[in-house]
>>> print(open('structure_8.txt').read())   # compact mmCIF, C-alpha atoms
# COMPACT_ATOMS: atom_id res chain seq x y z
CA MET Q 285 46.75 55.83 140.78
CA ASN Q 286 49.27 53.38 142.33
CA ILE Q 287 51.16 56.09 144.31
CA ARG Q 288 47.97 57.49 145.80
CA LEU Q 289 46.92 54.06 147.00
CA LEU Q 290 50.35 53.55 148.63
CA ILE Q 291 50.11 56.88 150.42
CA LEU Q 292 46.59 56.07 151.51
CA GLY Q 293 47.70 52.66 152.71
CA ALA Q 294 50.64 54.14 154.63
CA GLY Q 295 48.37 56.63 156.25
CA LEU Q 296 46.05 53.93 157.38
CA VAL Q 297 48.95 51.92 158.77
CA PHE Q 298 50.16 54.94 160.65
CA LEU Q 299 46.78 55.77 162.04
CA THR Q 300 45.87 52.25 162.90
CA GLY Q 301 49.37 51.67 164.32
CA CYS Q 302 48.39 53.78 167.23
CA PHE Q 303 45.32 51.77 168.00
CA ALA Q 304 45.50 48.37 166.18
CA THR Q 305 47.11 45.19 167.37
CA ARG Q 306 49.87 43.34 165.56
CA GLU Q 307 47.48 40.84 163.98
CA GLU Q 308 45.31 43.63 162.72
CA MET Q 309 48.36 45.22 161.17
CA LEU Q 310 49.20 42.01 159.27
CA THR Q 311 45.63 41.71 158.00
CA MET Q 312 45.68 45.25 156.80
CA LYS Q 313 48.96 44.68 154.97
CA GLU Q 314 47.49 41.64 153.21
CA ASP Q 315 44.44 43.62 152.18
CA LEU Q 316 46.65 46.39 150.91
CA SER Q 317 48.71 43.90 148.91
CA SER Q 318 45.58 42.36 147.43
CA LEU Q 319 44.30 45.82 146.57
CA GLN Q 320 47.59 46.60 144.85
CA ASP Q 321 47.37 43.40 142.83
CA ARG Q 322 43.87 44.26 141.71
CA VAL Q 323 44.93 47.75 140.73
CA ALA Q 324 47.87 46.30 138.81
CA ASN Q 325 45.55 43.88 137.00
CA MET Q 326 43.19 46.71 136.18
CA GLU Q 327 46.05 48.80 134.82
CA GLN Q 328 47.19 45.84 132.73
CA GLY Q 329 43.69 45.40 131.35
CA VAL Q 330 43.42 49.09 130.54
CA ASN Q 331 46.80 48.93 128.80
CA LYS Q 332 45.68 45.93 126.75
CA SER Q 333 42.43 47.64 125.81
CA THR Q 334 44.34 50.76 124.85
CA SER Q 335 46.70 48.66 122.72
CA LYS Q 336 43.74 46.97 121.02
CA ILE Q 337 42.12 50.32 120.35
CA LYS Q 338 45.34 51.62 118.87
CA LEU Q 339 45.71 48.46 116.77
CA GLY Q 340 42.09 48.81 115.63
CA GLN Q 341 42.67 52.42 114.70
CA ALA Q 342 45.78 51.43 112.79
CA ASP Q 343 43.85 48.64 111.05
CA ILE Q 344 41.04 51.05 110.15
CA GLY Q 345 43.60 53.51 108.81
CA ALA Q 346 45.20 50.78 106.71
CA LYS Q 347 41.82 49.71 105.37
CA MET Q 348 40.96 53.32 104.53
CA ASP Q 349 44.25 53.56 102.65
CA ASP Q 350 43.33 50.35 100.80
CA ILE Q 351 39.91 51.80 99.97
CA ASP Q 352 41.51 54.99 98.68
CA LEU Q 353 43.92 52.97 96.57
CA THR Q 354 41.06 50.85 95.21
CA LEU Q 355 39.07 53.98 94.34
CA GLN Q 356 42.08 55.41 92.56
CA LYS Q 357 42.43 52.19 90.57
CA LEU Q 358 38.71 52.25 89.73
CA ASP Q 359 38.99 55.85 88.55
CA ALA Q 360 41.96 54.94 86.40
CA LYS Q 361 40.08 51.93 85.01
CA LEU Q 362 37.03 54.09 84.30
CA ASP Q 363 39.17 56.61 82.44
CA GLU Q 364 40.75 53.76 80.49
CA ASN Q 365 37.31 52.35 79.61
CA ASN Q 366 36.05 55.76 78.55
CA ASP Q 367 39.08 56.12 76.30
CA LYS Q 368 38.43 52.69 74.81
CA ILE Q 369 34.77 53.58 74.26
CA SER Q 370 35.76 56.79 72.49
CA LYS Q 371 38.20 54.89 70.27
CA ASN Q 372 35.57 52.22 69.54
CA ASN Q 373 33.00 54.88 68.64
CA LEU Q 374 35.53 56.45 66.28
CA ARG Q 375 36.25 53.04 64.78
CA ILE Q 376 32.52 52.35 64.36
CA ASP Q 377 32.03 55.71 62.64
CA THR Q 378 34.94 54.92 60.33
CA LEU Q 379 33.57 51.46 59.55
CA GLU Q 380 30.09 52.88 58.95
CA THR Q 381 31.48 55.47 56.56
CA GLY Q 382 33.45 52.78 54.72
CA LEU Q 383 30.42 50.48 54.60
CA ASN Q 384 28.21 53.22 53.19
CA ALA Q 385 30.80 53.93 50.53
CA ARG Q 386 31.01 50.24 49.62
CA MET Q 387 27.21 49.96 49.51
CA LYS Q 388 27.03 52.96 47.20
CA ALA Q 389 29.69 51.47 44.95
CA LEU Q 390 27.80 48.15 44.91
CA GLU Q 391 24.55 49.90 44.02
CA ASP Q 392 26.26 51.77 41.19
CA ARG Q 393 27.82 48.54 39.97
CA THR Q 394 24.48 46.72 40.15
CA THR Q 395 22.81 49.50 38.18
CA ALA Q 396 25.52 49.34 35.54
CA GLU Q 397 25.24 45.55 35.29
CA PHE Q 398 21.45 45.88 35.05
CA THR Q 399 21.79 48.23 32.09
CA VAL Q 400 24.35 46.05 30.30
CA SER Q 401 22.34 42.90 30.98
CA SER Q 402 19.06 44.36 29.67
CA GLU Q 403 20.71 45.67 26.51
CA THR Q 404 22.51 42.37 25.99
CA LEU Q 405 19.27 40.40 26.32
CA TYR Q 406 17.46 42.72 23.90
CA GLN Q 407 20.25 42.53 21.34
CA THR Q 408 20.36 38.75 21.60
CA ALA Q 409 16.62 38.55 20.88
CA TYR Q 410 16.90 41.01 18.00
CA THR Q 411 19.78 39.04 16.50
CA ASP Q 412 17.73 35.84 16.60
CA TYR Q 413 14.85 37.69 14.92
CA ASN Q 414 17.13 38.81 12.07
CA LYS Q 415 18.38 35.22 11.72
CA GLY Q 416 14.82 33.99 11.32
CA ASN Q 417 14.79 32.26 14.72
CA PHE Q 418 11.35 33.69 15.41
CA ASP Q 419 10.21 31.24 18.10
CA LEU Q 420 13.43 31.75 20.06
CA ALA Q 421 13.26 35.53 19.57
CA ILE Q 422 9.70 35.56 20.97
CA LEU Q 423 10.89 33.82 24.14
CA GLU Q 424 13.83 36.22 24.52
CA PHE Q 425 11.76 39.37 23.94
CA ARG Q 426 9.18 38.13 26.48
CA GLU Q 427 12.00 37.48 28.96
CA TYR Q 428 13.22 41.03 28.44
CA LEU Q 429 9.73 42.42 29.15
CA GLN Q 430 9.42 40.27 32.27
CA LYS Q 431 12.82 41.16 33.73
CA TYR Q 432 12.91 44.81 32.70
CA PRO Q 433 9.32 46.10 32.59
CA SER Q 434 10.58 49.67 32.96
CA GLY Q 435 13.35 49.33 30.38
CA THR Q 436 13.79 51.90 27.62
CA LEU Q 437 13.20 49.30 24.87
CA THR Q 438 10.02 47.67 26.15
CA GLY Q 439 7.83 49.15 23.40
CA ASN Q 440 10.26 47.93 20.74
CA ALA Q 441 10.45 44.46 22.32
CA GLN Q 442 6.66 44.18 22.26
CA TYR Q 443 6.59 45.28 18.61
CA TRP Q 444 9.16 42.66 17.55
CA ILE Q 445 7.10 39.94 19.21
CA GLY Q 446 4.27 40.95 16.87
CA GLU Q 447 6.68 40.88 13.93
CA CYS Q 448 7.80 37.37 14.87
CA PHE Q 449 4.21 36.09 14.80
CA TYR Q 450 3.60 37.97 11.52
CA ASN Q 451 6.62 36.27 9.91
CA LEU Q 452 5.38 32.92 11.25
CA LYS Q 453 2.07 33.72 9.48
CA LYS Q 454 0.22 33.53 12.78
CA TYR Q 455 -1.74 36.65 11.98
CA ASP Q 456 -4.31 36.48 14.77
CA GLN Q 457 -1.54 36.41 17.36
CA ALA Q 458 0.35 39.09 15.46
CA VAL Q 459 -2.67 41.44 15.67
CA ALA Q 460 -2.99 40.76 19.41
CA GLU Q 461 0.69 41.57 20.03
CA PHE Q 462 0.63 44.72 17.88
CA ASP Q 463 -2.47 45.87 19.79
CA LYS Q 464 -0.40 45.64 23.02
CA VAL Q 465 2.10 48.12 21.60
CA ILE Q 466 -0.71 50.63 21.04
CA ALA Q 467 -2.45 49.96 24.38
CA ASN Q 468 0.56 49.69 26.70
CA TYR Q 469 3.26 51.87 25.14
CA GLY Q 470 1.54 55.08 24.11
CA GLN Q 471 4.83 56.96 23.62
CA SER Q 472 6.50 54.27 21.53
CA GLU Q 473 7.76 55.26 18.10
CA LYS Q 474 6.66 51.83 16.89
CA ILE Q 475 2.92 52.59 17.14
CA PRO Q 476 2.44 53.78 13.51
CA THR Q 477 4.26 50.73 12.14
CA ALA Q 478 2.31 48.47 14.51
CA LYS Q 479 -0.95 49.86 13.08
CA LEU Q 480 0.33 49.26 9.55
CA LYS Q 481 1.15 45.64 10.42
CA ILE Q 482 -2.31 45.20 11.95
CA ALA Q 483 -3.84 46.30 8.64
CA LEU Q 484 -1.66 43.86 6.68
CA SER Q 485 -2.51 41.05 9.11
CA GLN Q 486 -6.22 41.82 8.66
CA TYR Q 487 -5.81 41.56 4.92
CA ALA Q 488 -3.94 38.26 5.28
CA LEU Q 489 -6.82 36.97 7.43
CA GLY Q 490 -9.27 37.85 4.64
CA GLN Q 491 -10.59 40.93 6.45
CA LYS Q 492 -10.08 43.15 3.37
CA ALA Q 493 -12.60 45.86 4.24
CA GLU Q 494 -11.16 46.23 7.75
CA ALA Q 495 -7.64 46.29 6.31
CA LEU Q 496 -8.47 49.10 3.84
CA LYS Q 497 -10.10 51.16 6.61
CA SER Q 498 -7.04 50.70 8.83
CA LEU Q 499 -4.68 51.80 6.04
CA GLU Q 500 -6.79 54.87 5.30
CA ALA Q 501 -6.82 55.79 9.03
CA ILE Q 502 -3.02 55.59 9.15
CA SER Q 503 -2.69 57.95 6.16
CA LYS Q 504 -4.93 60.49 7.88
CA GLU Q 505 -3.38 60.11 11.37
CA TYR Q 506 0.24 60.39 10.23
CA PRO Q 507 -0.06 62.34 6.95
CA ASP Q 508 3.57 63.36 6.53
CA SER Q 509 5.21 60.19 7.82
CA ASP Q 510 6.92 57.40 5.91
CA THR Q 511 4.41 55.01 7.45
CA ALA Q 512 1.55 57.03 5.94
CA LYS Q 513 3.20 56.82 2.54
CA LEU Q 514 3.55 53.05 2.89
CA ALA Q 515 -0.08 52.78 4.01
CA THR Q 516 -1.29 54.81 1.00
CA ALA Q 517 0.77 52.74 -1.39
CA LYS Q 518 -0.38 49.49 0.18
CA LYS Q 519 -4.01 50.62 0.06
CA LYS Q 520 -3.75 51.32 -3.68
CA GLU Q 521 -2.03 47.97 -4.18
CA LEU Q 522 -4.75 46.12 -2.34
CA GLU Q 523 -7.54 48.01 -4.13
CA THR Q 524 -5.93 47.27 -7.49
CA ALA Q 525 -5.58 43.58 -6.60
CA HIS Q 526 -9.17 43.53 -5.45
CA ASP Q 527 -10.40 45.13 -8.70
CA SER Q 528 -8.32 42.72 -10.79
CA VAL Q 529 -9.82 39.77 -8.97
CA GLY Q 530 -13.26 41.26 -9.43
CA ASN Q 531 -12.78 41.66 -13.21
>>> encode(input="structure_8.txt", output="structure tokens")
Amino acid sequence: MNIRLLILGAGLVFLTGCFATREEMLTMKEDLSSLQDRVANMEQGVNKSTSKIKLGQADIGAKMDDIDLTLQKLDAKLDENNDKISKNNLRIDTLETGLNARMKALEDRTTAEFTVSSETLYQTAYTDYNKGNFDLAILEFREYLQKYPSGTLTGNAQYWIGECFYNLKKYDQAVAEFDKVIANYGQSEKIPTAKLKIALSQYALGQKAEALKSLEAISKEYPDSDTAKLATAKKKELETAHDSVGN
């Protein structure tokens, strides 16, 4: 652009040299110089703008590189987190398996302690009964029934409560407790003996007719049992005693 302007300016000088005066030639030279300065300034501005554009492009390229690097770091971090999550899930599964095993062991231990504790309580009550500690045995057998209502010895425990009251000569209460064996523990092996003790308690209470009927019913209900034999023998004994008193 600068060379073309110089050629153009020279051409004008040449052409005007034929017709223009000296003063006009000086004015034209000044204008040409001013024009050259303006062109130079414009070229300088264009160069600066071009430099800025290039710098901006370089800056954008650097920022894009930074963004790519950041994305790479984020991807690496994400992979690391996923690996940690996988390890944590594995650890949780391991802990859960261990916890379930410990819970099962605790349940088994609790069940075992329950069985030992119930048997221990029953045996303690039965020992006190044999020692003649009837009031204490009653409390212990009742505690057994309260704590272990589904225990295997509940029918027996209820029977021995009746026996305790029978030995304390509290026959009304004895009858009531023996009745519970019959009503609540239909499969208990103690039912025949409980009925025999009800008959004896009735006799002790002066209910002789009721007692004889109860003994006769036992003999018919359990004809081949030891309890039936005891009932038959006791019935004869009571009848003989009754006849002796009558004579």
>>> atom_distance(input="structure_8.txt", atom1="atom CA of Ala458 of chain Q", atom2="atom CA of Gly490 of chain Q")
14.5 Å
>>> atom_distance(input="structure_8.txt", atom1="atom CA of Ser509 of chain Q", atom2="atom CA of Arg426 of chain Q")
29.2 Å
>>> atom_distance(input="structure_8.txt", atom1="atom CA of Ile475 of chain Q", atom2="atom CA of Glu505 of chain Q")
11.4 Å
>>> residues_around(input="structure_8.txt", residues="Ala515 of chain Q", least_positions_apart="3", cutoff="12 Å", atoms="only C-alpha atoms", output="ChimeraX atom specification")
/Q:476-484,495-512,518-522
>>> closest_residue(input="structure_8.txt", among="Q:Lys474, Q:Lys361, Q:Arg306, Q:Lys336", to="Leu437 of chain Q", atoms="all atoms listed in the file")
Q:Lys474
>>> residues_near_point(input="structure_8.txt", point="(3.8, 39.8, 17.3)", cutoff="12 Å", atoms="all atoms listed in the file", output="ChimeraX atom specification")
/Q:413,418-419,421-423,425-426,439-465,478-479,481-482,485
>>> closest_residue(input="structure_8.txt", among="Q:Lys347, Q:Leu489, Q:Tyr406, Q:Asp377", to="Thr436 of chain Q", atoms="all atoms listed in the file")
Q:Tyr406
